[in-house]
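Each remark here refers to the structure printed beneath this line.
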Amino acid sequence: MIQGLNGAVSASGLQAAADETAAAQDRGQQEQAFPGAWGDAYTVTISDRAKARLAAAVESGAEAGEADTEQKPSAQEYWEKLLGVSSGASTTADGNRLKVTVKGDAVEVLEYAGSRLVRKTTGMLGASGVDLTTEVYDRSGRTTQKIQTHFTGLDSDLSVTSSSGMTRTTQWFDGRQLVRQMEESMRLSSSYSGTPNADAFERLNLAQLADSLGGSGQDKPTDEGTLWSLLDFAGSLTKDTQKTDYYATVTDYADGRVTQRITIDQANSYENTTNHGDAVNAGRDPHSTEQTRQEARLFLRVESYDAQGNILRDVSFSDTMDSFSSSGVQHRQSLSVSWYVDGERVKRSQGELTMERGENTDLETRPTLLQFLNVDEADYAADTPLNASEILSLGLTQAATDSGHFKQALKADVESGRYDTAGDVARGNNGDRPYTLEWTNEIYSEGELVARQRDVESATGNRTPEDTLLRTGGGLTEDARPALLHRTEHVEEAYEGGHLTTRGVISSHEYIFEGDRQGPDEVRTATHAEKQSGLKKIVMNDVYAATIEDVDADRHAASEAFSLELGLSLGDLRETLTAVNSAGKEEEAMAGMIGE
C-alpha cells in the first residue's frame, strides 16, 4: 500500500487512478529528469476523473489499509531469520546436535557434542533491540567463555539513511577465575543515492497526489531524501556511503590483577558502487559491489603492567589511509613507546611517517567494507539495498557466538605485515612513493632527560629536467635516472641537569649535477656535519659523486628503528587476536556455530 502524510491509501483504490494516467506518466518519465539533485521534482497531470477516484480511495484508506497491512512476523519467524536456525532439533555441519526453542519473545539454542552440552545461546527481543548471551562449556561443564551481545536499531526502516549499533562483553574463565575480558562496540551508518527504478516514479506521484487530496497542502515533492526509500532503488545501481566505528578493549588478568590492556579503535568511511540488479549494469556484474573510495583509521594502544600493578610499557600506534585526501598525503603513521622501571620512565621512542602514492607504485590497501564486517558480497548487493541494521544483522550469529568477529580482517593484516610500511622503506621495497620518516629515542635517569637521538629520512620526486637541447651529452640514461631524491639527518644530544651540553648533526641530500656540454648528468650527495660542545663548534661540508646509499651507512636508521619497534608492538596485538579468535574453539566438538 501507499503511505501518505495523512494516512494509508489502499493499493486497490489507487489502481484505477493509476491506470487512468499510466500512459501520461510513462511519457513524462521518458521526457523529464527524475527528481532529486539532478533537477526539479517531476510531476504529471492527473485528470479530474482520476482525482475523484483517488479521493474515494483516500476516504476509505483506513478500512482498506487494515486489510492490506502486511502482517508482522512472529517471534519464531523473527528468530529463525535473524539467527539462521530452525525451531526444533537439527544437526550442525560438524555433527553436533542443535535444539532450538522459542517461547514468546525468547529463544534458547542448545548445542550438544554427543550427550554433553558444549554451548548455550539465549536471546530476548526487546523494545530497544535484541539481547543474546552465549556460554561455552568445557568437558567438566564449567563455563570457559561468556559472550553478551546487545543489538540496537534492529528494524525494517526503508529510509535511504539509517544507523545501527551493537555492543558486546566477552569473558574468559579458568575454573572460576576471570582471566580475560573484552568490551566492544560497533556503530554503522548507511546512506544510498542513485537513479531510482521505474516503479519509483509511480509510487512518488501517487503518494504526492494522495497528500494533496488529503489536505496536507504539499502538492509536490521538494526533498529527495524525504521521499525516496530503499524500495525505490531495488534492482538499480547505487552509490553507497558506509561509515563504521569500532571500539574494543581487551584486558588480561592474573590472580585478579591486570597484566595487559589492549585498546583498538577503528573508524572507517567507504564509498561503493553497487549493482542490485539481475543484469550487468554500467559494466558491473549482477549483485556485485565495488569500492571506489576509502578512509581507514586505526588507533592501537598496548599497556603492560608488572606484578605490583606498575606500568611497564605503554605503546600507542595510529595508521590512517585516506583515498579521500586532496592534500597528496594519503598515508600517515605514528608510533610512541615508553618503558618504565618501578613506575618511572627510563626510555621513550616515537616516530612519524607520511607517504604519498607514487606514479608507478600504489599504497598498501586496507580491508574493504565487506572484509571488515565479514559480509558476503551477494548478501550486501541484494535486490533491495540493505539498511544499517540489516547489514549488521548479517553477522549477528557470528557476533553472538564468535569472540573473534569484527577482528578477522585486522588480524590478517597484522599477520601479513601490511602495517610495516617503514620495513618496506628499510628493505628498499618502497618503489617510487615519496615519504618522510623520523624516529627519536630519549633516555631518562631519575626522571631527567640525559640523551636524545633523532634520525630522519625522506624521499621526494625527482623534478629535475631529463635533458637539455644545448648539451648533447646531457641528461641521465633511463636506467640511471632516479625517480626519487633522498635526504637524511642524524642528530645526537647529551644533557646534564636538564641542560644541553653536546650536540652533533650530520645531514645529507641528493641532487642532480649537470655535467659539461659533453658529459652526462650525475647524482651527487652533499653532506653537512657540525658538532658543538660548550662554546666549541666544528663544521664540515663535502660533496660526493655518489648516492646517499654509498655515502650514509645509517641512511635507514629511522625506518629500521620504526619497523623493529612496530613489530614488537604488533606482536602483542597478534598474540591477543590469536587468543581471542581461537577461544572456545580448542576442541573440535566445540567448533560448531549456530546456523552453520
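Identifiers in the C-alpha cells: chain A, B, ... in order shown; residue index from 1 per chain; ligand index from 1 in order shown.
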
*Could you name the residues that touch A:Arg348 at 8 Å or less, counting only C-alpha atoms, but leaving out those on the same chain fewer than 2 positions away, as a VMD selection string?*
chain A and resid 336 to 339 345 to 346 350 441 to 443

*as a ChimeraX atom specification, list the residues of stretch 170-400 of chain A assigned to alpha helix (DSSP H) by DSSP on the backbone atoms of this structure.*
/A:198-213,224-227,369-373,377-380,388-393,396-400

*asked:* Counting only C-alpha atoms, which residue out of A:Asp455, A:Glu352, A:Asp105, A:Asp131 sits closest to A:Ala558?
replied: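 Of the candidates, the smallest distance to A:Ala558 is held by A:Asp455.
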
*Skipping near chain neighbours, those fewer than 4 positions away, what residues fall within 9 Å of stretch 183-186 of chain A using only C-alpha atoms, listed as a PyMOL selection string?*
chain A and resi 164-171+244-251+406

Restricting it to N, CA, C and O atoms, dump the selection as an mmCIF file, in the first residue's frame.
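Generated output (again-v7.cif):
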data_model
loop_
_atom_site.group_PDB
_atom_site.id
_atom_site.type_symbol
_atom_site.label_atom_id
_atom_site.label_comp_id
_atom_site.auth_asym_id
_atom_site.auth_seq_id
_atom_site.Cartn_x
_atom_site.Cartn_y
_atom_site.Cartn_z
ATOM 1 N N SER A 164 22.757 1.827 12.972
ATOM 2 C CA SER A 164 22.510 0.709 13.876
ATOM 3 C C SER A 164 23.771 0.481 14.697
ATOM 4 O O SER A 164 24.865 0.907 14.308
ATOM 5 N N GLY A 165 23.617 -0.176 15.832
ATOM 6 C CA GLY A 165 24.758 -0.402 16.694
ATOM 7 C C GLY A 165 24.713 -1.741 17.398
ATOM 8 O O GLY A 165 23.663 -2.394 17.469
ATOM 9 N N MET A 166 25.853 -2.125 17.920
ATOM 10 C CA MET A 166 25.987 -3.391 18.626
ATOM 11 C C MET A 166 27.042 -3.238 19.710
ATOM 12 O O MET A 166 28.072 -2.595 19.501
ATOM 13 N N THR A 167 26.781 -3.801 20.871
ATOM 14 C CA THR A 167 27.780 -3.846 21.939
ATOM 15 C C THR A 167 27.942 -5.293 22.387
ATOM 16 O O THR A 167 26.981 -6.076 22.352
ATOM 17 N N ARG A 168 29.162 -5.633 22.818
ATOM 18 C CA ARG A 168 29.432 -6.994 23.290
ATOM 19 C C ARG A 168 30.352 -6.951 24.501
ATOM 20 O O ARG A 168 31.245 -6.106 24.591
ATOM 21 N N THR A 169 30.124 -7.886 25.406
ATOM 22 C CA THR A 169 31.053 -8.143 26.506
ATOM 23 C C THR A 169 31.382 -9.627 26.481
ATOM 24 O O THR A 169 30.485 -10.464 26.537
ATOM 25 N N THR A 170 32.660 -9.944 26.368
ATOM 26 C CA THR A 170 33.100 -11.341 26.322
ATOM 27 C C THR A 170 34.046 -11.585 27.483
ATOM 28 O O THR A 170 34.963 -10.796 27.721
ATOM 29 N N GLN A 171 33.814 -12.682 28.187
ATOM 30 C CA GLN A 171 34.656 -13.040 29.333
ATOM 31 C C GLN A 171 35.202 -14.453 29.150
ATOM 32 O O GLN A 171 34.500 -15.336 28.642
ATOM 33 N N THR A 244 31.770 3.093 9.574
ATOM 34 C CA THR A 244 31.823 2.176 10.711
ATOM 35 C C THR A 244 32.692 2.772 11.809
ATOM 36 O O THR A 244 33.715 3.407 11.533
ATOM 37 N N ASP A 245 32.271 2.561 13.052
ATOM 38 C CA ASP A 245 33.053 2.945 14.220
ATOM 39 C C ASP A 245 33.114 1.736 15.146
ATOM 40 O O ASP A 245 32.089 1.319 15.691
ATOM 41 N N TYR A 246 34.314 1.191 15.306
ATOM 42 C CA TYR A 246 34.505 0.011 16.145
ATOM 43 C C TYR A 246 35.491 0.338 17.261
ATOM 44 O O TYR A 246 36.538 0.947 17.020
ATOM 45 N N TYR A 247 35.136 -0.067 18.477
ATOM 46 C CA TYR A 247 35.997 0.201 19.631
ATOM 47 C C TYR A 247 36.019 -1.042 20.508
ATOM 48 O O TYR A 247 34.981 -1.655 20.755
ATOM 49 N N ALA A 248 37.217 -1.420 20.974
ATOM 50 C CA ALA A 248 37.342 -2.611 21.819
ATOM 51 C C ALA A 248 38.475 -2.427 22.818
ATOM 52 O O ALA A 248 39.502 -1.810 22.507
ATOM 53 N N THR A 249 38.274 -2.958 24.000
ATOM 54 C CA THR A 249 39.351 -3.075 24.985
ATOM 55 C C THR A 249 39.424 -4.535 25.414
ATOM 56 O O THR A 249 38.402 -5.161 25.692
ATOM 57 N N VAL A 250 40.639 -5.073 25.432
ATOM 58 C CA VAL A 250 40.871 -6.455 25.854
ATOM 59 C C VAL A 250 41.809 -6.401 27.058
ATOM 60 O O VAL A 250 42.952 -5.945 26.945
ATOM 61 N N THR A 251 41.320 -6.866 28.206
ATOM 62 C CA THR A 251 42.091 -6.797 29.450
ATOM 63 C C THR A 251 42.413 -8.202 29.919
ATOM 64 O O THR A 251 41.517 -9.047 30.059
ATOM 65 N N PHE A 406 34.547 -9.283 13.874
ATOM 66 C CA PHE A 406 34.964 -7.893 13.674
ATOM 67 C C PHE A 406 36.480 -7.726 13.686
ATOM 68 O O PHE A 406 36.970 -6.632 13.381
#

Quick one: everything within 12 Å of A:Leu573, counting only C-alpha atoms, minus sequence neighbours fewer than 2 positions away in the same chain. Send it as a compact mmCIF listing (two decimals) with N, CA and C atoms, in the first residue's frame.
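Once everything was written out, this is part_1.txt:
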# COMPACT_ATOMS: atom_id res chain seq x y z
N THR A 249 38.27 -2.96 24.00
CA THR A 249 39.35 -3.07 24.98
C THR A 249 39.42 -4.53 25.41
N VAL A 250 40.64 -5.07 25.43
CA VAL A 250 40.87 -6.45 25.85
C VAL A 250 41.81 -6.40 27.06
N THR A 251 41.32 -6.87 28.21
CA THR A 251 42.09 -6.80 29.45
C THR A 251 42.41 -8.20 29.92
N GLN A 260 47.80 -6.86 31.23
CA GLN A 260 47.90 -6.18 29.93
C GLN A 260 46.52 -5.68 29.52
N ARG A 261 46.51 -4.51 28.89
CA ARG A 261 45.26 -3.98 28.34
C ARG A 261 45.53 -3.47 26.93
N ILE A 262 44.74 -3.94 25.98
CA ILE A 262 44.87 -3.51 24.59
C ILE A 262 43.60 -2.78 24.18
N THR A 263 43.78 -1.62 23.58
CA THR A 263 42.66 -0.82 23.07
C THR A 263 42.74 -0.76 21.55
N ILE A 264 41.63 -1.04 20.89
CA ILE A 264 41.54 -0.99 19.43
C ILE A 264 40.43 -0.02 19.07
N PHE A 299 43.61 3.09 15.57
CA PHE A 299 44.38 3.50 16.73
C PHE A 299 44.54 2.30 17.64
N LEU A 300 45.77 2.04 18.06
CA LEU A 300 46.06 0.89 18.91
C LEU A 300 46.85 1.37 20.12
N ARG A 301 46.48 0.85 21.30
CA ARG A 301 47.27 1.12 22.50
C ARG A 301 47.47 -0.19 23.25
N VAL A 302 48.71 -0.43 23.67
CA VAL A 302 49.05 -1.63 24.44
C VAL A 302 49.72 -1.18 25.74
N GLU A 303 49.11 -1.56 26.87
CA GLU A 303 49.66 -1.23 28.18
C GLU A 303 49.99 -2.52 28.92
N SER A 304 51.25 -2.64 29.38
CA SER A 304 51.69 -3.82 30.12
C SER A 304 52.06 -3.42 31.54
N VAL A 315 52.40 1.61 24.73
CA VAL A 315 52.57 1.77 23.28
C VAL A 315 51.31 2.40 22.69
N SER A 316 51.49 3.39 21.82
CA SER A 316 50.39 3.97 21.05
C SER A 316 50.78 3.97 19.58
N PHE A 317 49.88 3.48 18.73
CA PHE A 317 50.13 3.41 17.29
C PHE A 317 48.88 3.84 16.54
N LYS A 407 37.24 -8.76 14.02
CA LYS A 407 38.69 -8.60 14.13
C LYS A 407 39.46 -9.50 13.17
N LEU A 410 41.57 -7.34 10.68
CA LEU A 410 42.71 -6.72 11.34
C LEU A 410 43.79 -7.76 11.61
N LYS A 411 43.39 -8.92 12.08
CA LYS A 411 44.35 -9.99 12.36
C LYS A 411 45.10 -10.40 11.09
N ALA A 412 44.37 -10.52 9.98
CA ALA A 412 45.00 -10.91 8.71
C ALA A 412 46.00 -9.85 8.26
N ASP A 413 45.67 -8.58 8.42
CA ASP A 413 46.58 -7.51 8.01
C ASP A 413 47.83 -7.46 8.88
N VAL A 414 47.66 -7.68 10.18
CA VAL A 414 48.80 -7.68 11.08
C VAL A 414 49.73 -8.85 10.75
N GLU A 415 49.15 -10.02 10.52
CA GLU A 415 49.96 -11.21 10.23
C GLU A 415 50.69 -11.10 8.89
N LEU A 566 57.64 -1.33 15.89
CA LEU A 566 56.27 -1.65 15.49
C LEU A 566 56.05 -3.16 15.48
N GLY A 567 57.06 -3.90 15.03
CA GLY A 567 56.94 -5.36 15.03
C GLY A 567 56.72 -5.92 16.41
N LEU A 568 57.46 -5.37 17.41
CA LEU A 568 57.28 -5.83 18.79
C LEU A 568 55.88 -5.48 19.30
N SER A 569 55.43 -4.28 19.00
CA SER A 569 54.12 -3.83 19.48
C SER A 569 52.99 -4.61 18.83
N LEU A 570 53.07 -4.80 17.51
CA LEU A 570 52.03 -5.57 16.82
C LEU A 570 52.10 -7.04 17.17
N GLY A 571 53.26 -7.49 17.64
CA GLY A 571 53.37 -8.87 18.11
C GLY A 571 52.46 -9.11 19.31
N GLU A 575 49.29 -11.77 19.23
CA GLU A 575 49.07 -12.83 20.20
C GLU A 575 47.68 -12.74 20.81
N THR A 576 47.24 -11.53 21.13
CA THR A 576 45.92 -11.35 21.72
C THR A 576 44.83 -11.70 20.72
N LEU A 577 44.96 -11.23 19.47
CA LEU A 577 43.95 -11.53 18.45
C LEU A 577 43.88 -13.02 18.17
N THR A 578 45.03 -13.69 18.20
CA THR A 578 45.03 -15.15 18.00
C THR A 578 44.29 -15.83 19.13
N ALA A 579 44.55 -15.39 20.37
CA ALA A 579 43.88 -15.99 21.52
C ALA A 579 42.38 -15.71 21.48
N VAL A 580 42.01 -14.49 21.11
CA VAL A 580 40.59 -14.12 21.06
C VAL A 580 39.88 -14.88 19.96
N ASN A 581 40.52 -15.04 18.80
CA ASN A 581 39.88 -15.73 17.68
C ASN A 581 39.78 -17.23 17.90

*DSSP on the backbone: what in stretch 409-554 of chain A comes out strand (DSSP E or B), as a PyMOL selection string?*
chain A and resi 435-445+448-461+484-496+499-513+522-533+536-544

*Find the residues near A:Thr121: any atom within 10 Å, counting only C-alpha atoms, skip ones fewer than 2 places away on the same chain, and give them as a PyMOL selection string.*
chain A and resi 100+107-111+119+123+132-136+146-148+400-401+594

_Taking 6 positions as the minimum chain separation for residues in the same chain, which residues sit within 9 Å of A:Pro482 when counting only C-alpha atoms? Answer as a PyMOL selection string._
chain A and resi 432+461-462+476+523

Could you write out that same residue set with C-alpha atoms as a short mmCIF file (atom, residue, chain, number, x, y, z; two decimals), in the first residue's frame?
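Everything below was put into result-v6.cif:
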data_model
loop_
_atom_site.label_atom_id
_atom_site.label_comp_id
_atom_site.auth_asym_id
_atom_site.auth_seq_id
_atom_site.Cartn_x
_atom_site.Cartn_y
_atom_site.Cartn_z
CA ASP A 432 58.62 5.49 -6.22
CA GLY A 461 60.00 13.08 -6.56
CA ASN A 462 62.83 13.93 -8.93
CA LEU A 476 70.85 10.73 -17.30
CA VAL A 523 73.50 12.02 -8.96
#

*Near A:Ser269, counting only C-alpha atoms, which residues have an atom at most 8 Å away, once you skip same-chain residues fewer than 2 positions from it, shown as an MDAnalysis selection string?*
chainID A and resid 241:244 267 271 294:296

_Given only C-alpha atoms as the counted atoms, nearest of A:Leu373, A:Ala282, A:Ala75, A:Ala483 to A:Leu188_ =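 Among the listed residues, A:Leu373 lies closest to A:Leu188.
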
*Compare A:Asp255, A:Ser115, A:Ala529, A:Lys120 by their minimum atom-to-atom distance to A:Val179, counting only C-alpha atoms, and give me the closest one.*
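Ranked by minimum distance to A:Val179, first place goes to A:Asp255.
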
_Pairwise distance for atom CA of A:Tyr112 and atom CA of A:Met182, rounded to one decimal in Å_ = 26.0 Å

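When atom CA of A:Leu370 is paired with atom CA of A:Asp322, their separation reads 17.9 Å.
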
*Which one of A:Glu390, A:Asp265, A:Glu510, A:Asp420 sits closest to A:Asp157 if you count only C-alpha atoms?*
A:Glu390

_Between A:Glu457, A:Asp252, A:Asp174, A:Asp319, which residue has the minimum interatomic distance to A:Gln266, considering only C-alpha atoms?_
A:Asp319

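Counting only C-alpha atoms and comparing A:Thr101, A:Ser190, A:Ser318, A:Ser403, the residue that lies closest to A:Glu77 is A:Thr101.
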
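Coordinates place atom CA of A:His150 at a distance of 21.7 Å from atom CA of A:Leu369.
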